[in-house]
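Shown below: input-v3.txt, with compact mmCIF, C-alpha atoms.
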# COMPACT_ATOMS: atom_id res chain seq x y z
CA MET M 112 119.02 115.20 73.95
CA ASN M 113 121.26 112.78 72.06
CA ILE M 114 119.25 111.59 69.06
CA LEU M 115 120.01 108.88 66.53
CA ILE M 116 118.33 109.14 63.11
CA ILE M 117 118.34 106.04 60.92
CA GLU M 118 116.71 106.95 57.61
CA ASN M 119 117.55 105.93 54.02
CA GLU M 120 115.73 108.94 52.48
CA ILE M 121 118.62 111.41 52.60
CA TYR M 122 116.59 114.59 52.02
CA LEU M 123 114.13 113.75 54.81
CA ALA M 124 116.96 112.83 57.16
CA GLN M 125 118.73 116.14 56.48
CA LYS M 126 115.54 118.07 57.28
CA ILE M 127 115.12 116.18 60.57
CA VAL M 128 118.76 116.72 61.55
CA SER M 129 118.61 120.43 60.68
CA ARG M 130 115.47 121.00 62.75
CA LEU M 131 116.74 119.06 65.78
CA LEU M 132 120.11 120.84 65.69
CA ASP M 133 118.27 124.17 65.64
CA ASP M 134 116.45 123.05 68.79
CA GLY M 135 119.79 122.42 70.50
CA HIS M 136 119.93 118.63 70.30
CA SER M 137 122.92 116.46 69.42
CA CYS M 138 122.25 114.26 66.39
CA ASP M 139 123.87 111.26 64.75
CA TYR M 140 122.57 110.32 61.31
CA VAL M 141 123.15 107.10 59.38
CA GLU M 142 121.61 105.95 56.10
CA SER M 143 122.32 102.25 56.48
CA ILE M 144 123.71 100.63 59.57
CA ASN M 145 125.54 97.73 61.10
CA ILE M 146 124.09 97.15 64.54
CA ASP M 147 127.51 96.12 65.87
CA ASN M 148 128.71 99.69 65.26
CA LEU M 149 126.06 101.16 67.60
CA THR M 150 128.05 101.70 70.78
CA LYS M 151 126.68 105.04 72.01
CA ASP M 152 123.66 105.64 74.23
CA TYR M 153 120.80 107.77 72.88
CA ASP M 154 117.84 109.48 74.49
CA THR M 155 115.77 109.09 71.30
CA VAL M 156 116.04 106.86 68.25
CA LEU M 157 114.18 107.76 65.05
CA ILE M 158 114.17 104.79 62.72
CA SER M 159 112.66 104.26 59.28
CA THR M 160 110.69 101.09 58.69
CA SER M 161 111.73 101.29 55.03
CA LEU M 162 114.89 99.52 56.14
CA PRO M 163 114.96 95.70 56.11
CA SER M 164 112.75 94.54 58.97
CA ALA M 165 115.46 92.39 60.53
CA ILE M 166 117.64 95.51 60.93
CA TYR M 167 115.10 97.87 62.48
CA LYS M 168 113.72 95.14 64.74
CA ALA M 169 117.23 94.38 66.02
CA ILE M 170 117.82 98.08 66.70
CA ILE M 171 114.50 98.37 68.53
CA LYS M 172 115.43 95.42 70.76
CA LYS M 173 118.82 97.01 71.49
CA TYR M 174 117.39 100.38 72.59
CA ALA M 175 113.91 99.48 73.83
CA THR M 176 114.72 99.76 77.55
CA SER M 177 116.98 102.84 77.37
CA SER M 178 115.66 105.08 74.61
CA ILE M 179 112.52 106.61 73.18
CA ILE M 180 112.01 104.88 69.82
CA LEU M 181 109.82 106.53 67.19
CA LEU M 182 109.05 104.85 63.87
CA LEU M 183 109.15 106.78 60.59
CA VAL M 184 106.70 104.79 58.44
CA SER M 185 105.57 105.00 54.81
CA TYR M 186 102.54 102.75 55.35
CA ILE M 187 100.85 101.06 58.28
CA SER M 188 100.92 97.31 58.67
CA ASP M 189 101.69 94.68 61.27
CA GLU M 190 105.26 94.57 59.99
CA THR M 191 105.88 98.34 60.12
CA VAL M 192 103.87 99.36 63.21
CA THR M 193 102.24 96.60 65.28
CA GLU M 194 105.24 94.30 65.70
CA PRO M 195 107.82 97.09 66.27
CA ILE M 196 105.62 98.60 69.00
CA LYS M 197 105.32 95.19 70.64
CA LEU M 198 109.13 95.03 70.62
CA GLY M 199 109.45 98.37 72.42
CA ALA M 200 108.94 101.27 70.02
CA LYS M 201 106.83 104.03 71.57
CA ASP M 202 104.96 105.44 68.58
CA TYR M 203 105.05 106.07 64.84
CA ILE M 204 104.63 108.98 62.48
CA MET M 205 103.44 108.67 58.87
CA LYS M 206 105.49 110.08 56.01
CA PRO M 207 105.22 112.75 54.83
CA PHE M 208 104.92 114.61 58.13
CA LEU M 209 105.34 118.10 59.54
CA MET M 210 108.58 118.66 61.45
CA ASP M 211 106.58 120.31 64.23
CA GLU M 212 104.56 117.11 64.68
CA LEU M 213 107.70 114.99 64.92
CA VAL M 214 109.23 117.36 67.47
CA ARG M 215 105.96 117.37 69.44
CA LYS M 216 106.05 113.57 69.66
CA ILE M 217 109.69 113.58 70.78
CA TYR M 218 109.00 116.06 73.57
CA HIS M 219 105.79 114.29 74.54
CA TYR M 220 107.54 110.98 75.14
CA LYS M 221 110.50 112.73 76.77
CA ASP M 222 108.09 114.30 79.28
CA CYS M 223 106.34 110.94 79.80
CA ARG M 224 109.65 109.24 80.55
CA SER M 225 110.66 111.99 82.98
CA MET M 226 107.32 111.73 84.79
CA ARG M 227 107.59 107.95 85.03
CA ARG M 228 111.06 108.23 86.52
CA GLU M 229 109.92 110.90 88.97
CA LEU M 230 106.89 108.82 89.92
CA SER M 231 109.09 105.77 90.45
CA VAL M 232 111.38 107.75 92.78
CA LEU M 233 108.41 109.16 94.70
CA LYS M 234 106.88 105.69 95.09
CA GLU M 235 110.16 104.30 96.36
CA TYR M 236 110.51 107.18 98.80
CA PHE M 237 106.93 106.78 100.00
CA ASN M 238 107.34 103.04 100.52
CA PHE M 239 110.64 103.66 102.32
CA THR M 240 109.21 106.25 104.71
CA MET M 241 106.03 104.26 105.34
CA SER M 242 107.56 100.79 105.61
CA ASP M 243 107.47 100.74 109.43
CA ILE M 244 103.79 101.70 109.63
CA ASP M 245 101.58 98.64 109.99
CA SER M 246 98.05 99.54 108.92
CA SER M 247 96.83 95.97 108.47
CA SER M 248 94.51 96.25 111.48
CA ILE M 249 92.70 99.28 110.05
CA THR M 250 89.60 98.79 107.94
CA LEU M 251 89.15 101.78 105.67
CA PRO M 252 85.54 102.92 105.21
CA LEU M 253 84.51 103.60 101.63
CA SER M 254 82.16 106.46 102.43
CA PHE M 255 82.86 110.00 103.52
CA PRO M 256 83.56 112.23 105.43
CA ILE M 257 86.21 110.49 107.59
CA LEU M 258 88.23 111.74 110.53
CA ILE M 259 91.62 110.16 111.25
CA GLU M 260 92.69 110.76 114.82
CA THR M 261 96.40 110.11 115.27
CA ASN M 262 99.49 111.16 117.17
CA CYS M 263 101.69 110.92 114.07
CA GLN M 264 100.86 112.68 110.81
CA SER M 265 102.54 110.06 108.62
CA TYR M 266 100.14 107.43 109.98
CA SER M 267 97.21 109.39 108.65
CA ASP M 268 99.03 110.03 105.36
CA LYS M 269 99.51 106.32 104.75
CA LEU M 270 95.81 105.59 105.26
CA VAL M 271 94.81 108.35 102.84
CA PHE M 272 97.15 107.04 100.14
CA GLN M 273 95.77 103.54 100.64
CA LEU M 274 92.24 104.89 100.33
CA SER M 275 93.20 106.74 97.14
CA ASN M 276 94.56 103.52 95.61
CA LYS M 277 91.54 101.52 96.69
CA LEU M 278 89.03 103.97 95.20
CA ASP M 279 91.24 105.02 92.27
CA LEU M 280 90.76 108.69 93.10
CA PRO M 281 93.36 111.49 93.13
CA ILE M 282 94.08 113.48 96.30
CA SER M 283 94.04 117.21 96.89
CA PHE M 284 96.01 118.30 99.97
CA ILE M 285 94.90 121.26 102.07
CA SER M 286 96.36 122.33 105.40
CA LEU M 287 93.79 123.92 107.70
CA ALA M 288 96.68 125.86 109.21
CA SER M 289 97.03 127.86 105.97
CA SER M 290 95.33 131.22 105.58
CA ASN M 291 93.55 130.39 102.29
CA TRP M 292 92.20 126.90 103.07
CA GLN M 293 88.57 128.02 102.74
CA LYS M 294 89.13 129.34 99.21
CA SER M 295 91.02 126.18 98.23
CA LEU M 296 88.24 123.97 99.57
CA ALA M 297 85.51 125.91 97.76
CA ASN M 298 87.21 125.45 94.38
CA LEU M 299 87.45 121.64 94.49
CA ASP M 300 85.08 119.21 92.78
CA ASP M 301 83.68 115.89 94.00
CA LYS M 302 85.85 113.63 91.85
CA ILE M 303 88.83 113.72 94.19
CA ILE M 304 89.66 112.90 97.80
CA ILE M 305 90.02 116.14 99.74
CA TYR M 306 92.64 115.61 102.44
CA LEU M 307 92.43 118.24 105.20
CA THR M 308 95.25 118.22 107.74
CA ASP M 309 95.74 120.17 111.01
CA PHE M 310 92.10 120.02 112.06
CA HIS M 311 93.26 120.46 115.67
CA VAL M 312 94.41 124.06 115.04
CA LEU M 313 90.87 125.30 114.32
CA LYS M 314 88.63 126.94 116.89
CA ARG M 315 85.46 125.09 117.89
CA ASN M 316 83.09 127.32 115.90
CA ILE M 317 85.23 127.00 112.75
CA LYS M 318 85.33 123.23 113.18
CA ASP M 319 81.53 123.15 113.34
CA GLN M 320 81.26 125.22 110.16
CA LEU M 321 83.75 122.98 108.35
CA ILE M 322 81.91 119.82 109.39
CA LYS M 323 78.74 121.16 107.81
CA GLN M 324 80.61 122.25 104.69
CA ILE M 325 82.09 118.82 103.98
CA ALA M 326 78.95 116.75 104.63
CA ASP M 327 78.59 115.78 100.95
CA LYS M 328 82.26 115.76 99.93
CA HIS M 329 84.88 113.03 99.54
CA CYS M 330 86.75 114.44 102.48
CA VAL M 331 89.30 112.99 104.94
CA ILE M 332 90.31 115.07 107.94
CA SER M 333 93.44 114.50 109.98
CA THR M 334 93.83 115.65 113.59
CA LEU M 335 96.57 115.24 116.20
CA GLU M 336 94.14 115.68 119.06
CA THR M 337 91.14 113.74 120.36
CA GLU M 338 87.86 114.75 118.72
CA ASP M 339 84.93 113.29 120.65
CA ASP M 340 82.21 115.28 118.89
CA PHE M 341 82.95 114.48 115.26
CA PRO M 342 79.57 113.40 113.79
CA TYR M 343 80.84 111.17 110.96
CA ARG M 344 83.13 108.17 110.70
CA LYS M 345 86.28 108.23 112.79
CA ILE M 346 89.44 106.12 112.70
CA VAL M 347 91.94 106.13 115.56
CA PHE M 348 95.40 105.16 114.36
CA ASN M 349 98.26 105.99 116.72
CA ASN M 350 101.97 105.31 116.74
CA ASP M 351 102.56 103.52 120.03
CA LYS M 352 106.32 103.91 119.69
CA LYS M 353 106.33 107.62 118.98
CA MET M 354 108.94 109.21 121.21
CA LEU M 355 108.36 112.46 123.03
CA ASP M 356 109.94 115.40 121.24
CA ASN M 357 109.98 119.14 121.71
CA THR M 358 107.16 119.81 119.26
CA GLN M 359 104.28 118.05 121.00
CA ILE M 360 103.00 117.53 124.54
CA MET M 361 101.93 113.95 125.17
CA SER M 362 99.01 113.06 127.37
CA ILE M 363 99.74 111.09 130.57
CA ASN M 364 98.13 107.96 129.13
CA ASP M 365 100.12 108.26 125.89
CA TYR M 366 103.33 108.68 127.87
CA VAL M 367 102.59 105.68 130.10
CA LYS M 368 101.69 103.55 127.08
CA LEU M 369 104.89 104.58 125.30
CA MET M 370 107.09 103.83 128.31
CA VAL M 371 105.45 100.48 129.08
CA THR M 372 105.58 99.18 125.48
CA THR M 373 109.17 100.38 125.12
CA TYR M 374 110.63 99.08 128.39
CA GLN M 375 108.45 96.20 129.59
CA ASN M 376 110.86 93.67 128.09
CA LYS M 377 113.80 95.35 129.79
CA TYR M 378 112.47 95.78 133.33
CA PRO M 379 110.28 93.58 135.54
CA ASP M 380 106.92 95.07 136.56
CA THR M 381 108.18 95.96 140.06
CA GLU M 382 111.00 98.11 138.70
CA LEU M 383 108.96 99.49 135.79
CA SER M 384 106.12 100.65 138.07
CA LYS M 385 108.67 102.24 140.41
CA LYS M 386 110.26 104.19 137.55
CA LEU M 387 106.81 105.38 136.48
CA GLY M 388 105.94 106.38 140.06
CA ILE M 389 102.89 104.10 140.24
CA SER M 390 102.05 100.85 142.01
CA ARG M 391 102.12 97.43 140.36
CA LYS M 392 98.33 97.37 140.61
CA SER M 393 98.11 100.73 138.81
CA LEU M 394 100.44 99.40 136.15
CA TRP M 395 98.18 96.37 135.66
CA GLU M 396 95.14 98.70 135.42
CA LYS M 397 96.93 100.89 132.89
CA ARG M 398 97.72 97.87 130.75
CA LYS M 399 94.07 96.85 130.77
CA LYS M 400 92.73 100.34 130.10
CA LEU M 401 95.23 101.20 127.36
CA GLU M 402 95.10 97.71 125.81
CA ILE M 403 98.81 97.11 126.21
CA GLU M 404 99.77 93.55 125.45
CA LYS M 405 102.37 92.13 127.81
CA LYS M 406 104.82 90.21 125.70
CA LYS M 407 106.42 87.17 127.33

Starting from the file, give its structure as C-alpha cells.
Amino acid sequence: MNILIIENEIYLAQKIVSRLLDDGHSCDYVESINIDNLTKDYDTVLISTSLPSAIYKAIIKKYATSSIILLLVSYISDETVTEPIKLGAKDYIMKPFLMDELVRKIYHYKDCRSMRRELSVLKEYFNFTMSDIDSSSITLPLSFPILIETNCQSYSDKLVFQLSNKLDLPISFISLASSNWQKSLANLDDKIIIYLTDFHVLKRNIKDQLIKQIADKHCVISTLETEDDFPYRKIVFNNDKKMLDNTQIMSINDYVKLMVTTYQNKYPDTELSKKLGISRKSLWEKRKKLEIEKKK
C-alpha cells in the first residue's frame, strides 16, 4: 500500500515508517504540510490531530473518498475525533499505541474496503444478469419450506435473493446434485435460508426423505420439473421466452407457449397454427389453457 504519514512527533513518525516499510509498504512522511503540495494518491493516510485543525480537516476532505484515513490522537474530543470522522476519517488510535494495533487497524479497514468493492461489483453483476426477469407478479411467502418450480434456474435464484433481502437472512447454497449434500444440510442452523437446487435429479424415495427432513427449516427448494406432490408451499415461476437448447427437453405445452408468444405478432393465426401443425381451434384452446395473452 501507498501510505502517507502526517505527524509532527518525529520519533513516533519514524517508528511508524520503519514498521510499515518492514511490512513492505511504500511510505511518505511529512512533519508539517501544505495541502497544495499533496498531488499523489494514497491507499491510507495517517494524520495527527495535534496539527492545526484547519489543516487536518482539509486533508481529510481531500482524501475522504479515495483513502483510508486513520487519526493519531492525543486526547478524545469533538474536535479531534467526532468532527473528523463526520468528515470522512474511518477511525482513530490513541497515543501512545502499540505498532501492532495500528497495523491491525490499517489491515482491517483495507479488508473492509476490498469487501465493499467486491460486494459492489457482485451487486452490479447480479442486477445486470437479473434485469430482464420480472418477478413483480410473484408474492413471496414468508414461511417455509417453499418449492420454486421453474424452467430457468436464474428465475428461482432471483426470488431467493429477494426473499433473503426481505427477511434479512443470509443464504446457504446446496446443490442436491452434489455427493455431500446430506452432510452439508445436516450441519446448517436455522438462522439462514437454505437454498437447495436440482431437486429434480433426486429419486422419489430420496425426495420423500428430504421433504421430511426440511419440515422445520428455513428451506427453499428449486426444481426444473413439475412436482405435483410437494406438501408445502409452491411457487411456479417460468421464463416464457426461454429458447430450446441442447441441455433440456421442453414439454409440448412449453414449446407451444414459447412459439406462440414469440411469433404471434409476426404471423396471423392461420399461418401460425399451420406452422405448429394444429388447427386454429386448437391454437385458440392452447391460448386459453396456457393463459397466453394475445397482444393486439

So how far away is CA of Ile117 in chain M from CA of Val141 in chain M, in Å? 5.2 Å

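CA of Val347 in chain M to CA of Thr261 in chain M spans 6.0 Å [interatomic distance, one decimal].
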
Taken to one decimal, the CA of Ile403 in chain M-CA of Phe237 in chain M distance is 29.1 Å

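Across M:Thr337, M:Ser231, M:Thr160, M:Asn119, the tightest approach to Ile196 in chain M is made by M:Thr160 when counting only C-alpha atoms.
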
For Val367 in chain M, which of M:Thr334, M:Ser393, M:Thr381, M:Ser164 is the closest residue, counting all atoms listed in the file?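 Residue with the minimum atom-to-atom distance to Val367 in chain M: M:Ser393.
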
Identify which of the residues M:Ile121, M:Gln264, M:Leu335, M:Lys201 lies closest to Ser362 in chain M, counting only C-alpha atoms when measuring atom-to-atom distances.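 Residue with the minimum atom-to-atom distance to Ser362 in chain M: M:Leu335.
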
Within 12 Å of (93.9, 99.1, 112.0) (coordinates as in the file), grab all the protein and nucleic acid residues, counting all atoms listed in the file, and write them out as an MDAnalysis selection string. chainID M and resid 244:252 259 261 266:267 269:270 345:350

Report as a short mmCIF file (atom, residue, chain, number, x, y, z; two decimals) with C-alpha atoms, keeping the file's coordinate frame all protein, DNA and RNA residues lying within 10 Å of Leu307 in chain M, evaluated on all atoms listed in the file, omitting residues in the same chain fewer than 5 positions from it.
data_model
loop_
_atom_site.label_atom_id
_atom_site.label_comp_id
_atom_site.auth_asym_id
_atom_site.auth_seq_id
_atom_site.Cartn_x
_atom_site.Cartn_y
_atom_site.Cartn_z
CA LEU M 258 88.23 111.74 110.53
CA SER M 283 94.04 117.21 96.89
CA PHE M 284 96.01 118.30 99.97
CA ILE M 285 94.90 121.26 102.07
CA SER M 286 96.36 122.33 105.40
CA LEU M 287 93.79 123.92 107.70
CA ALA M 288 96.68 125.86 109.21
CA TRP M 292 92.20 126.90 103.07
CA LEU M 296 88.24 123.97 99.57
CA CYS M 330 86.75 114.44 102.48
CA VAL M 331 89.30 112.99 104.94
CA ILE M 332 90.31 115.07 107.94
CA SER M 333 93.44 114.50 109.98
CA THR M 334 93.83 115.65 113.59
#

As AutoDock Vina command-line options, please: the centre and edge lengths in Å, to one decimal, of an axis-aligned box enclosing every listed atom of range 394-407 of chain M with 8 Å added on each side.
--center_x 99.6 --center_y 94.2 --center_z 130.8 --size_x 29.7 --size_y 30.0 --size_z 26.7

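Of the listed residues (M:Ala326, M:Arg315, M:Ile114, M:Arg398), M:Arg315 comes nearest to Asp340 in chain M; the distances count only C-alpha atoms.
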
Among the residues M:Lys368, M:Lys294, M:Lys126, M:Lys385, the one that comes closest to Lys405 in chain M [using only C-alpha atoms]: M:Lys368
